[in-house]
Amino acid sequence: MKQCARYIIGVMVVVLLVQLVAPSTMGNTVLAKASCGTGCSSYDVVVIGSEIQGSLLAKEARRLGLDVIILDPRSKPGGQFMQGQMHVLDEPNDKKRRSLVQGDIKKLYDGYKAGSIRKEAAFDRYYQSVIKDIPMRSGIVIESVNEVPLKQDKFLKSITYRAKDGVKYTVEAQYFVENTDFNALTSKLNVTRIPGMESIYKGTKPDYMAATLVLKFKNVNWNKLHQVVLNDYPLTNVEKKYGQNTYVDWDYATGFSNITYKYKPIDPQLMLRGINSTYQKDGQVIMNALLIFDVDPANPKSIESAMKKAKAEAPEVLKFLRKDIPGYANAQLNGFPEYLYIRDYNRFETEYILDYPDLMSNKMFWDNVSIASYATDLQGTTKMRKGLSFGKPDRYGIPLRSFELKSYENVLVVGSNLGATIKAYGSARIMPNTALAGQTIGIILGKELKNKRLRELTKSDFVRIHKYLQKDYRIKLQS
């Protein structure tokens with residue numbers, strides 16, 4: 001009898017341990033978070049990286065009662081948004097020119113368009129409002145991952161990381177979120193890469209859109225730039241003289257490619273494209289124009305080399321602008337960001353891979369977490385230096401499944417990691433499209449996780465979810 005009792009107790013312990021390792025796959029049961037033992041911490045959501053999209057996810061999940069932490073491989077928070085100072089904001093509009101910006105990120109865009117959020121300090125205030133009170137640890141390095149097999153997928157039970165002080169820590173979570181621009185988490189997993197820019201020209205090696213060092217100027221005479229272009233109206237004449245998509249108003253300036261393509265860089269790894277720029281007031285301008293090819297964001301030496309080359313090129317770009325672009329005759333450089341704007345890197349297969357026909361057919365999904373738009377804009381590579389565009393969709397949905405990593409029940413990918421073919425990614429990649437998705441996923445986790453896993457959510461669940469998103473958050477995710 002004693003042996004039988006010990007056997008029964010042993011079986012019960014094994015069953016309990018299995019339940020603590022992974023969420024139940026039986027019905028709608030979701031097990032409570034359990035302590036993971038000495039030297040280990042347990043959370044509902046662990047976000048890897050501090051890009052704005054995952055930060056919005058973390059904000060909503062924590063506000064709704066989940067235990068959340070951000071573990072950031074970068075030394076400072078903010079990623080491309082703050083450290084890269086990507087403050088030239090693209091806006092998704094449908095074919096009737098209606099803005100599709102929704103959710104928390106709309107506060108940023110409203111301030112941007114009104115002129116109250118233009119300089120770095122104002123952007124930082126917005127970012128700090130997002131990450132306020134979210135526990136965060138910067139400068140971490142993921143050492144290892146611990147996976148557990150389920151019936152169909154895998155479950156990421158824990159990750160072990162090294163902190164700045166050299167000490168190793170282990171964290172478990174119900175959900176892990178990849179939120180870096182260099183695959184800090186997903187590069188450790190058994191996943192399949194979605195073909196990138198090489199698929200456009202049938203190349204055999206992975207290829208990526210160019211990165212950018214955002215350029216900052218002061219002493220720019222914006223009034224002159226605006227007036228010179230205004231004198232050349234109508235717009236058809238402006239584009240004939242200066243190049244396609246040339247436009248200047250009191251706040252923004254784009255185009256001038258007929259001029260900028262004549263610039264001869266001192267380093268062949270770089271190229272000056274059209275002057276996509278924002279007037280920050282007081283003679284200050286920020287410009288997304290200096291492309292850097294063949295940058296590997298997962299390699300610190302590659303980032304360091306690209307930054308060094310771009311900073312060396314900047315004075316030459318300034319000379320060129322002074323000579324050839326109206327209003328820049330007395331311009332000066334106004335410092336540099338600490339990091340690059342990384343447009344494109346490895347993306348891995350998700351439960352649904354958004355495709356170009358989805359965009360162009362205005363497809364909406366039962367599990368929409370964003371409604372998006374933007375031109376299918378593929379920036380240049382060394383093989384296609386001027387890039388390509390495949391037209392502009394009206395509006396389309398992005399499903400939750402495009403943020404659920406394939407084969408992993410509890411790994412989400414956000415921001416530039418979304419699952420999309422390269423042509424679809426050219427449109428979906430802009431910040432407001434993916435920021436809305438990040439916030440929406442955070443809300444859904446916060447409201448639904450106590451009852452269901454994300455993979456268990458049904459079409460009828462999303463009818464209900466879309467209703468409360470519109471009612472409580474003014475986020476409309478139906479056409």
# chains A, B, ... in the order shown; residues from 1 in each chain; ligands from 1
call {"tool": "closest_atom_pairs", "arguments": {"of": "region 72-148 of chain A", "to": "region 285-305 of chain A", "cutoff": "10 Å", "atoms": "only C-alpha atoms", "output": "tab-separated table"}}
result
residue	atom	partner	partner_atom	distance
A:Gln85	CA	A:Ile286	CA	9.0
A:Met86	CA	A:Asn288	CA	7.8
A:His87	CA	A:Ile286	CA	7.4
A:Val88	CA	A:Asn288	CA	6.7
A:Leu89	CA	A:Asn288	CA	9.7
A:Arg118	CA	A:Ile286	CA	9.2
A:Lys119	CA	A:Ile286	CA	8.9
call {"tool": "closest_atom_pairs", "arguments": {"of": "region 95-152 of chain A", "to": "region 436-443 of chain A", "cutoff": "8 Å", "atoms": "only C-alpha atoms", "output": "CSV"}}
result
residue,atom,partner,partner_atom,distance
A:Val101,CA,A:Leu436,CA,7.9
A:Gln102,CA,A:Leu436,CA,6.5
A:Gly103,CA,A:Leu436,CA,6.1
A:Asp104,CA,A:Gln439,CA,7.5
A:Ile105,CA,A:Leu436,CA,7.1
call {"tool": "closest_residue", "arguments": {"among": "A:Ile444, A:Met307, A:Ile117, A:Met384", "to": "Leu64 (chain A)", "atoms": "only C-alpha atoms"}}
result
A:Ile444
call {"tool": "closest_residue", "arguments": {"among": "A:Tyr425, A:Tyr175, A:Tyr252, A:Tyr242", "to": "Leu449 (chain A)", "atoms": "only C-alpha atoms"}}
result
A:Tyr175
call {"tool": "atom_distance", "arguments": {"atom1": "CA of Asp207 (chain A)", "atom2": "CA of Ile142 (chain A)"}}
result
25.0 Å
call {"tool": "closest_residue", "arguments": {"among": "A:Phe390, A:Phe123, A:Trp366, A:Tyr396", "to": "Ile465 (chain A)", "atoms": "only C-alpha atoms"}}
result
A:Trp366
